[in-house]
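Trainee: Compact mmCIF, C-alpha atoms and all ligand atoms, saved as model30.txt, coming up:
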```txt
# COMPACT_ATOMS: atom_id res chain seq x y z
CA MET V 1 151.23 128.92 268.79
CA LYS V 2 153.38 125.84 269.13
CA VAL V 3 154.92 125.46 272.56
CA ALA V 4 157.56 122.98 273.75
CA LEU V 5 158.21 122.36 277.44
CA ILE V 6 161.52 120.63 278.11
CA GLN V 7 161.00 118.71 281.34
CA LEU V 8 164.65 118.08 282.07
CA ALA V 9 165.82 115.24 284.33
CA TYR V 10 169.18 115.54 286.03
CA ASP V 11 171.14 114.14 288.95
CA ASP V 12 174.35 115.26 290.66
CA SER V 13 176.73 113.88 288.03
CA GLU V 14 176.98 116.71 285.46
CA THR V 15 178.98 119.92 285.53
CA VAL V 16 177.21 123.14 284.59
CA GLU V 17 179.00 123.02 281.23
CA GLU V 18 177.95 119.41 280.52
CA ARG V 19 174.34 120.08 281.40
CA THR V 20 174.29 123.27 279.36
CA THR V 21 175.59 121.41 276.31
CA ARG V 22 172.88 118.78 276.72
CA VAL V 23 170.12 121.37 277.20
CA VAL V 24 171.02 123.62 274.28
CA ASP V 25 171.06 120.54 272.10
CA LEU V 26 167.48 119.79 273.19
CA VAL V 27 166.48 123.41 272.54
CA ARG V 28 167.91 123.25 269.00
CA GLN V 29 165.78 120.15 268.36
CA GLN V 30 162.61 122.22 268.98
CA ARG V 31 162.82 124.13 265.67
CA GLY V 32 159.26 124.54 264.38
CA HIS V 33 157.95 125.63 267.80
CA ASP V 34 157.25 129.28 268.59
CA LEU V 35 157.99 129.16 272.31
CA VAL V 36 160.29 126.79 274.22
CA VAL V 37 160.33 126.65 278.03
CA LEU V 38 162.94 125.21 280.42
CA PRO V 39 162.69 124.54 284.18
CA GLU V 40 163.86 126.59 287.16
CA LEU V 41 167.56 126.62 288.11
CA TRP V 42 168.44 123.71 285.82
CA PRO V 43 172.12 124.76 285.36
CA MET V 44 172.91 124.99 289.08
CA GLY V 45 170.42 122.48 290.50
CA GLY V 46 167.08 123.55 291.98
CA PHE V 47 167.77 122.05 295.40
CA ASP V 48 171.58 122.05 295.34
CA TYR V 49 171.79 125.03 297.72
CA ARG V 50 175.38 124.34 298.72
CA ALA V 51 176.66 124.70 295.15
CA TRP V 52 174.78 127.87 294.28
CA SER V 53 177.35 130.43 295.29
CA ASP V 54 180.18 128.71 293.39
CA LYS V 55 178.06 128.15 290.29
CA ALA V 56 176.38 131.57 290.13
CA GLN V 57 176.68 133.55 286.90
CA THR V 58 175.65 136.88 285.45
CA THR V 59 172.92 137.13 282.83
CA SER V 60 175.69 137.58 280.27
CA GLY V 61 177.60 134.49 281.47
CA SER V 62 178.23 131.26 279.61
CA VAL V 63 174.81 129.69 280.30
CA VAL V 64 172.77 132.62 278.99
CA GLN V 65 175.12 133.03 276.03
CA ALA V 66 174.64 129.37 275.11
CA LEU V 67 170.86 129.73 275.47
CA GLY V 68 170.90 132.77 273.18
CA ALA V 69 172.78 130.87 270.48
CA ALA V 70 170.35 127.94 270.76
CA ALA V 71 167.28 130.22 270.58
CA ARG V 72 168.71 131.82 267.45
CA ASP V 73 169.56 128.48 265.81
CA ALA V 74 166.13 127.04 266.60
CA GLY V 75 164.31 130.28 265.66
CA VAL V 76 162.24 130.27 268.86
CA LEU V 77 161.35 132.52 271.76
CA LEU V 78 163.12 130.76 274.62
CA HIS V 79 162.12 130.99 278.26
CA GLY V 80 165.43 129.59 279.50
CA GLY V 81 164.18 128.73 282.98
CA SER V 82 166.20 130.39 285.71
CA ILE V 83 169.81 130.67 286.84
CA VAL V 84 171.46 131.54 290.14
CA GLU V 85 172.39 135.10 289.25
CA ARG V 86 175.25 137.03 290.80
CA PRO V 87 175.11 140.31 288.92
CA GLY V 88 178.17 141.83 290.60
CA GLY V 89 178.04 145.32 292.04
CA ALA V 90 176.16 146.23 295.19
CA PRO V 91 174.31 143.50 297.12
CA GLY V 92 170.52 143.66 297.51
CA PRO V 93 168.60 145.22 300.42
CA GLU V 94 169.19 142.14 302.65
CA GLY V 95 172.94 142.19 301.93
CA LYS V 96 172.96 139.09 299.69
CA ASP V 97 174.36 138.99 296.17
CA LEU V 98 172.37 136.14 294.58
CA TRP V 99 168.96 136.07 292.88
CA ASN V 100 166.88 133.31 291.28
CA THR V 101 166.57 134.93 287.86
CA SER V 102 164.56 133.75 284.86
CA VAL V 103 165.87 134.65 281.44
CA VAL V 104 163.95 135.04 278.16
CA LEU V 105 165.73 135.14 274.80
CA ASP V 106 164.23 136.03 271.47
CA SER V 107 164.76 134.27 268.15
CA SER V 108 167.74 136.48 267.37
CA GLY V 109 169.39 135.28 270.58
CA GLU V 110 168.98 138.52 272.47
CA LEU V 111 168.09 138.57 276.18
CA VAL V 112 164.73 140.35 276.17
CA ALA V 113 163.48 139.86 279.74
CA THR V 114 164.60 138.78 283.18
CA TYR V 115 162.41 138.01 286.18
CA ARG V 116 163.74 137.63 289.71
CA LYS V 117 161.69 135.18 291.79
CA ILE V 118 159.60 137.15 294.27
CA HIS V 119 158.62 134.43 296.77
CA ARG V 120 161.70 132.56 298.00
CA PHE V 121 161.31 128.92 299.00
CA GLY V 122 163.01 127.32 301.99
CA PHE V 123 161.59 129.10 305.07
CA ALA V 124 164.65 129.72 307.30
CA GLY V 125 167.08 127.97 304.90
CA GLY V 126 167.49 127.67 301.15
CA GLU V 127 166.51 130.67 299.07
CA PRO V 128 165.64 133.14 301.86
CA ALA V 129 168.98 132.41 303.52
CA LEU V 130 171.04 132.74 300.35
CA MET V 131 169.15 134.93 297.92
CA GLU V 132 167.47 138.28 297.62
CA ALA V 133 163.79 138.45 296.68
CA GLY V 134 162.75 139.94 293.38
CA ALA V 135 160.55 143.00 293.58
CA ASP V 136 159.14 143.48 290.09
CA LEU V 137 156.27 142.05 288.09
CA VAL V 138 157.47 141.07 284.61
CA SER V 139 155.45 140.25 281.51
CA ILE V 140 156.56 139.36 278.00
CA GLU V 141 154.86 139.37 274.63
CA LEU V 142 154.52 135.87 273.18
CA PRO V 143 154.86 135.11 269.43
CA ASP V 144 151.05 135.05 269.03
CA GLY V 145 150.79 138.59 270.45
CA SER V 146 149.41 137.53 273.85
CA MET V 147 150.97 138.75 277.09
CA ALA V 148 152.50 136.28 279.53
CA GLY V 149 153.23 137.00 283.18
CA LEU V 150 156.42 135.41 284.52
CA SER V 151 156.74 133.65 287.87
CA THR V 152 158.78 130.82 289.33
CA CYS V 153 157.89 127.65 291.24
CA TYR V 154 156.95 128.64 294.84
CA ASP V 155 155.37 131.85 293.47
CA LEU V 156 152.55 129.53 292.36
CA ARG V 157 151.31 129.42 295.97
CA PHE V 158 150.60 133.17 296.00
CA PRO V 159 147.45 133.91 293.95
CA GLU V 160 147.72 137.69 294.41
CA LEU V 161 150.77 137.70 292.13
CA TYR V 162 148.74 136.24 289.27
CA ARG V 163 145.85 138.66 289.87
CA ALA V 164 148.37 141.49 289.59
CA GLN V 165 149.60 140.00 286.32
CA ILE V 166 146.13 139.75 284.77
CA ASP V 167 145.48 143.32 285.87
CA GLN V 168 148.47 144.24 283.72
CA GLY V 169 146.98 142.38 280.74
CA ALA V 170 148.43 138.88 281.04
CA THR V 171 146.36 136.07 279.55
CA VAL V 172 149.10 133.43 279.94
CA PHE V 173 151.33 132.47 282.88
CA VAL V 174 154.73 130.89 282.18
CA ILE V 175 156.07 129.09 285.25
CA PRO V 176 159.40 127.21 285.38
CA ALA V 177 159.85 125.08 288.49
CA ALA V 178 161.89 122.61 290.49
CA TRP V 179 158.87 121.33 292.40
CA PRO V 180 159.46 118.16 294.41
CA MET V 181 157.61 114.89 294.07
CA ALA V 182 156.66 115.09 297.77
CA ARG V 183 154.14 117.83 296.98
CA VAL V 184 153.37 117.14 293.32
CA ASP V 185 149.65 116.95 294.15
CA HIS V 186 149.78 120.60 295.22
CA TRP V 187 151.56 121.47 291.96
CA ARG V 188 148.92 119.82 289.81
CA LEU V 189 146.07 121.36 291.83
CA LEU V 190 147.52 124.88 291.97
CA LEU V 191 148.29 124.99 288.23
CA ARG V 192 144.63 124.33 287.54
CA ALA V 193 143.51 126.71 290.29
CA ARG V 194 145.53 129.61 288.86
CA ALA V 195 144.16 128.85 285.36
CA VAL V 196 140.53 128.69 286.52
CA GLU V 197 140.51 131.64 288.92
CA ASP V 198 142.30 133.94 286.47
CA GLN V 199 140.81 132.47 283.28
CA ALA V 200 144.30 132.22 281.86
CA VAL V 201 146.51 129.68 280.12
CA VAL V 202 149.17 128.16 282.38
CA ILE V 203 152.41 126.89 280.82
CA ALA V 204 154.38 125.22 283.59
CA CYS V 205 157.69 123.42 283.11
CA ASN V 206 158.94 121.35 286.04
CA THR V 207 162.11 119.35 286.69
CA ALA V 208 162.47 115.54 286.77
CA GLY V 209 165.09 113.20 288.23
CA THR V 210 166.69 113.26 291.68
CA HIS V 211 169.45 115.68 292.66
CA ALA V 212 170.79 116.82 296.02
CA ARG V 213 168.67 114.02 297.53
CA ALA V 214 165.45 115.68 296.36
CA GLU V 215 163.18 113.80 293.99
CA MET V 216 161.59 116.19 291.51
CA GLY V 217 157.92 115.88 290.60
CA GLY V 218 157.74 116.21 286.82
CA HIS V 219 154.14 116.63 285.59
CA SER V 220 154.87 119.74 283.56
CA ALA V 221 151.60 120.87 282.06
CA VAL V 222 149.71 123.26 279.85
CA ILE V 223 146.31 124.15 281.29
CA GLY V 224 143.50 125.99 279.53
CA PRO V 225 141.44 128.83 281.04
CA GLY V 226 138.67 126.49 282.15
CA GLY V 227 141.12 124.27 284.02
CA GLU V 228 141.30 121.78 281.17
CA VAL V 229 144.58 119.89 281.00
CA LEU V 230 145.73 120.47 277.41
CA ALA V 231 148.88 118.42 277.93
CA GLU V 232 150.69 116.89 280.87
CA ALA V 233 154.07 115.18 281.15
CA GLY V 234 154.85 112.12 283.19
CA GLU V 235 157.58 111.83 285.78
CA GLY V 236 160.73 111.42 283.65
CA GLU V 237 162.57 113.54 281.13
CA GLU V 238 160.20 114.50 278.35
CA VAL V 239 159.50 117.19 275.80
CA LEU V 240 155.86 118.19 275.86
CA SER V 241 154.73 119.73 272.59
CA VAL V 242 151.41 121.58 272.45
CA ASP V 243 149.65 123.50 269.72
CA LEU V 244 147.81 126.23 271.60
CA PRO V 245 144.66 127.49 269.89
CA THR V 246 144.42 131.29 269.59
CA ASP V 247 141.77 133.24 271.46
CA LEU V 248 141.24 130.50 274.05
CA VAL V 249 141.30 133.05 276.87
CA GLN V 250 139.15 135.63 275.13
CA ALA V 251 136.49 132.99 274.46
CA ALA V 252 136.58 131.79 278.08
CA ARG V 253 136.39 135.32 279.52
CA GLU V 254 133.56 136.33 277.19
CA GLY V 255 131.61 133.10 277.62
CA PHE V 256 131.77 133.15 281.44
CA PRO V 257 132.72 136.70 282.48
CA VAL V 258 133.42 136.02 286.14
CA LEU V 259 136.39 138.42 286.32
CA ALA V 260 134.01 141.30 285.67
CA ASP V 261 132.34 140.56 289.03
CA ARG V 262 135.43 141.19 291.16
CA ARG V 263 134.80 143.57 294.07
CA LEU V 264 137.99 145.24 295.25
O1 LIG R 301 156.10 125.07 297.27
C1 LIG R 301 156.61 123.96 297.13
O2 LIG R 301 156.10 122.96 297.62
C2 LIG R 301 157.86 123.78 296.34
C3 LIG R 301 158.50 125.08 295.98
C4 LIG R 301 159.89 124.90 295.47
O3 LIG R 301 160.41 123.82 295.45
C5 LIG R 301 160.64 126.06 294.96
O4 LIG R 301 160.12 127.16 294.89
O5 LIG R 301 161.82 125.86 294.58
```
What is this file in structure tokens?
Ligand SMILES: O=C(O)CCC(=O)C(=O)O
Mentor:
Amino acid sequence: MKVALIQLAYDDSETVEERTTRVVDLVRQQRGHDLVVLPELWPMGGFDYRAWSDKAQTTSGSVVQALGAAARDAGVLLHGGSIVERPGGAPGPEGKDLWNTSVVLDSSGELVATYRKIHRFGFAGGEPALMEAGADLVSIELPDGSMAGLSTCYDLRFPELYRAQIDQGATVFVIPAAWPMARVDHWRLLLRARAVEDQAVVIACNTAGTHARAEMGGHSAVIGPGGEVLAEAGEGEEVLSVDLPTDLVQAAREGFPVLADRRL
């Protein structure tokens, strides 16, 4: 399965429309891949908290529509990263009307899955102040037939989420992020930790550049089930293209069956 991770760099100078045009162009260039992955909150800015409410959209808004058209034109399964979602209708249980929602579009351009980030980043500010938490585990079927659990950025710090995903059959984790340079060492370590402890493939697409005064960490990566780094980006904008061998996870789990020794 050929996978492309678009490690997008951006600053504060583009409108949502300008950035969307640039991104869908990049997606269209990935024809020949099976799966394309974008970072977290790229249309609205991962750390641009102040702009989120004004820039929020529904999952049938202009950004997701443009992503659908690009997925169809490129003939790929597209994990479009996430958007600030305002679905309309009743607010969530905490009275807020925004979510950090990942969107997945198939090669006919249809929205086939959404995942609302469960663990909100920002402590007293940022996401917990402005957004509701997601409540549902979400998995998708990848073009090679494997099952991928979805999560977003800060979720990476919570290993129990990934254990729950493998218990539902996931052998791959797809993780868009806007992870800052200040803690990029944690990012690189935790991607490998999740891969090793769950004997799973990790496909993790981070953001680059500096926006809202936050320098993003880059280092998007694809990690194999033994913790091997199959590909890793640098710090700037880059498309990482990886040909993932089939049955990597099955071979790892059969060859070293540590998951069978769990005691619950
Ligand atoms: O956990 C971290 O250090 C970064 C998390 C983050 O930036 C996010 O979830 O948006």
Trainee: Of the candidates V:Gly80, V:Gly92, V:Gly236, V:Pro39, which one gets nearest to ligand LIG 301 (chain R) if we count only C-alpha atoms and all ligand atoms?
Mentor: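 Closest to ligand LIG 301 (chain R), using only C-alpha atoms and all ligand atoms: V:Pro39.
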Trainee: Padding 5 Å on every side, please: axis-aligned box over the listed atoms of segment 172-188 of chain V, centre and edge lengths to one decimal in Å, as JSON.
Mentor:
```
{"center_x": 155.4, "center_y": 124.2, "center_z": 288.9, "size_x": 23.0, "size_y": 28.5, "size_z": 27.8}
```
Trainee: Could you produce a table of the residues of segment 222-259 of chain V lying within 9 Å of segment 160-183 of chain V, with the nearest pair of atoms per residue and their separation in Å rounded to one decimal, using all atoms listed in the file, ordered by chain and increasing residue number, as a tab-separated table?
Mentor:
```
residue	atom	partner	partner_atom	distance
V:Pro225	CA	V:Thr171	CA	8.9
V:Glu235	CA	V:Met181	CA	8.8
V:Val249	CA	V:Thr171	CA	6.5
V:Gln250	CA	V:Thr171	CA	8.5
```
Trainee: Output the selection as a short mmCIF file (atom, residue, chain, number, x, y, z; two decimals), in the frame of the given file - C-alpha atoms for each residue.
Mentor:
```
data_model
loop_
_atom_site.label_atom_id
_atom_site.label_comp_id
_atom_site.auth_asym_id
_atom_site.auth_seq_id
_atom_site.Cartn_x
_atom_site.Cartn_y
_atom_site.Cartn_z
CA PRO V 225 141.44 128.83 281.04
CA GLU V 235 157.58 111.83 285.78
CA VAL V 249 141.30 133.05 276.87
CA GLN V 250 139.15 135.63 275.13
#
```
Trainee: Measuring atom to atom with all atoms listed in the file, identify which of V:Arg262, V:His211, V:His186, V:Arg116 is nearest to ligand LIG 301 (chain R).
Mentor: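 The answer is V:His186, which sits nearest to ligand LIG 301 (chain R).
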Trainee: Step by step, measure atom-to-atom distances between ligand LIG 301 (chain R) and each residue using all atoms listed in the file, keep those at most 9 Å, then write them as a VMD selection string.
Mentor: chain V and resid 40 to 41 46 to 47 117 119 to 122 126 to 127 152 to 157 177 to 184 186 to 187 216
Trainee: Keeping only C-alpha atoms, write those residues as a compact mmCIF listing (two decimals), in the frame of the given file.
Mentor:
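Output saved as result-v7.txt:
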```txt
# COMPACT_ATOMS: atom_id res chain seq x y z
CA GLU V 40 163.86 126.59 287.16
CA LEU V 41 167.56 126.62 288.11
CA GLY V 46 167.08 123.55 291.98
CA PHE V 47 167.77 122.05 295.40
CA LYS V 117 161.69 135.18 291.79
CA HIS V 119 158.62 134.43 296.77
CA ARG V 120 161.70 132.56 298.00
CA PHE V 121 161.31 128.92 299.00
CA GLY V 122 163.01 127.32 301.99
CA GLY V 126 167.49 127.67 301.15
CA GLU V 127 166.51 130.67 299.07
CA THR V 152 158.78 130.82 289.33
CA CYS V 153 157.89 127.65 291.24
CA TYR V 154 156.95 128.64 294.84
CA ASP V 155 155.37 131.85 293.47
CA LEU V 156 152.55 129.53 292.36
CA ARG V 157 151.31 129.42 295.97
CA ALA V 177 159.85 125.08 288.49
CA ALA V 178 161.89 122.61 290.49
CA TRP V 179 158.87 121.33 292.40
CA PRO V 180 159.46 118.16 294.41
CA MET V 181 157.61 114.89 294.07
CA ALA V 182 156.66 115.09 297.77
CA ARG V 183 154.14 117.83 296.98
CA VAL V 184 153.37 117.14 293.32
CA HIS V 186 149.78 120.60 295.22
CA TRP V 187 151.56 121.47 291.96
CA MET V 216 161.59 116.19 291.51
```
Trainee: May I ask which of the residues V:Glu17, V:Asp11, V:Thr246, V:Ala66 is the closest one to Gly145 of chain V, counting all atoms listed in the file?
Mentor: V:Thr246
Trainee: Pick from V:Leu35, V:Val24, V:Phe123, V:Ala129: nearest to Ser53 of chain V, with all atoms listed in the file counted?
Mentor: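 Closest residue, counting all atoms listed in the file: V:Ala129.
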Trainee: How far is it from atom CA of Val64 of chain V to atom CA of Lys2 of chain V, in Å with one decimal?
Mentor: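 Result for atom CA of Val64 of chain V versus atom CA of Lys2 of chain V: 22.8 Å, one decimal.
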Trainee: Which residues come within 8 Å of Asp48 of chain V, counting all atoms listed in the file, excluding same-chain residues fewer than 4 positions away, as a tab-separated table (two decimals) with C-alpha atoms, in the coordinates of the input?
Mentor:
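selection-v8.tsv written:
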```tsv
chain	number	residue	atom	x	y	z
V	44	MET	CA	172.91	124.99	289.08
V	52	TRP	CA	174.78	127.87	294.28
V	211	HIS	CA	169.45	115.68	292.66
V	212	ALA	CA	170.79	116.82	296.02
```
Trainee: In Å, rounded to a single decimal, give me how far atom CA of Gly255 of chain V is from atom CA of Ile203 of chain V.
Mentor: 21.9 Å
Trainee: Near Arg19 of chain V, within 10 Å and counting only C-alpha atoms, which residues show up once chain neighbours fewer than 2 positions away are dropped, as a ChimeraX atom specification?
Mentor: /V:8,10,13-17,21-25,42-44,63
Trainee: Residues within 6 Å of segment 102-114 of chain V, please, as a ChimeraX atom specification. Count all atoms listed in the file; anything in the same chain fewer than 4 positions from it doesn't count.
Mentor: /V:68-69,71-72,75-82
Trainee: What gap, in Å, lies between atom CA of Gln29 of chain V and atom CA of Val201 of chain V?
Mentor: 24.5 Å
Trainee: Using only C-alpha atoms, can you tell me which of V:Val138, V:Glu215, V:Val242, V:Gly61 comes closest to Gln30 of chain V?
Mentor: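 That would be V:Val242, the residue with the smallest distance to Gln30 of chain V.
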Trainee: Have a look at V:Asp73, V:Asp54, V:Glu238, V:Glu85 and name the one nearest to Gly32 of chain V; count all atoms listed in the file.
Mentor: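 The shortest atom-to-atom distance to Gly32 of chain V comes from V:Asp73.
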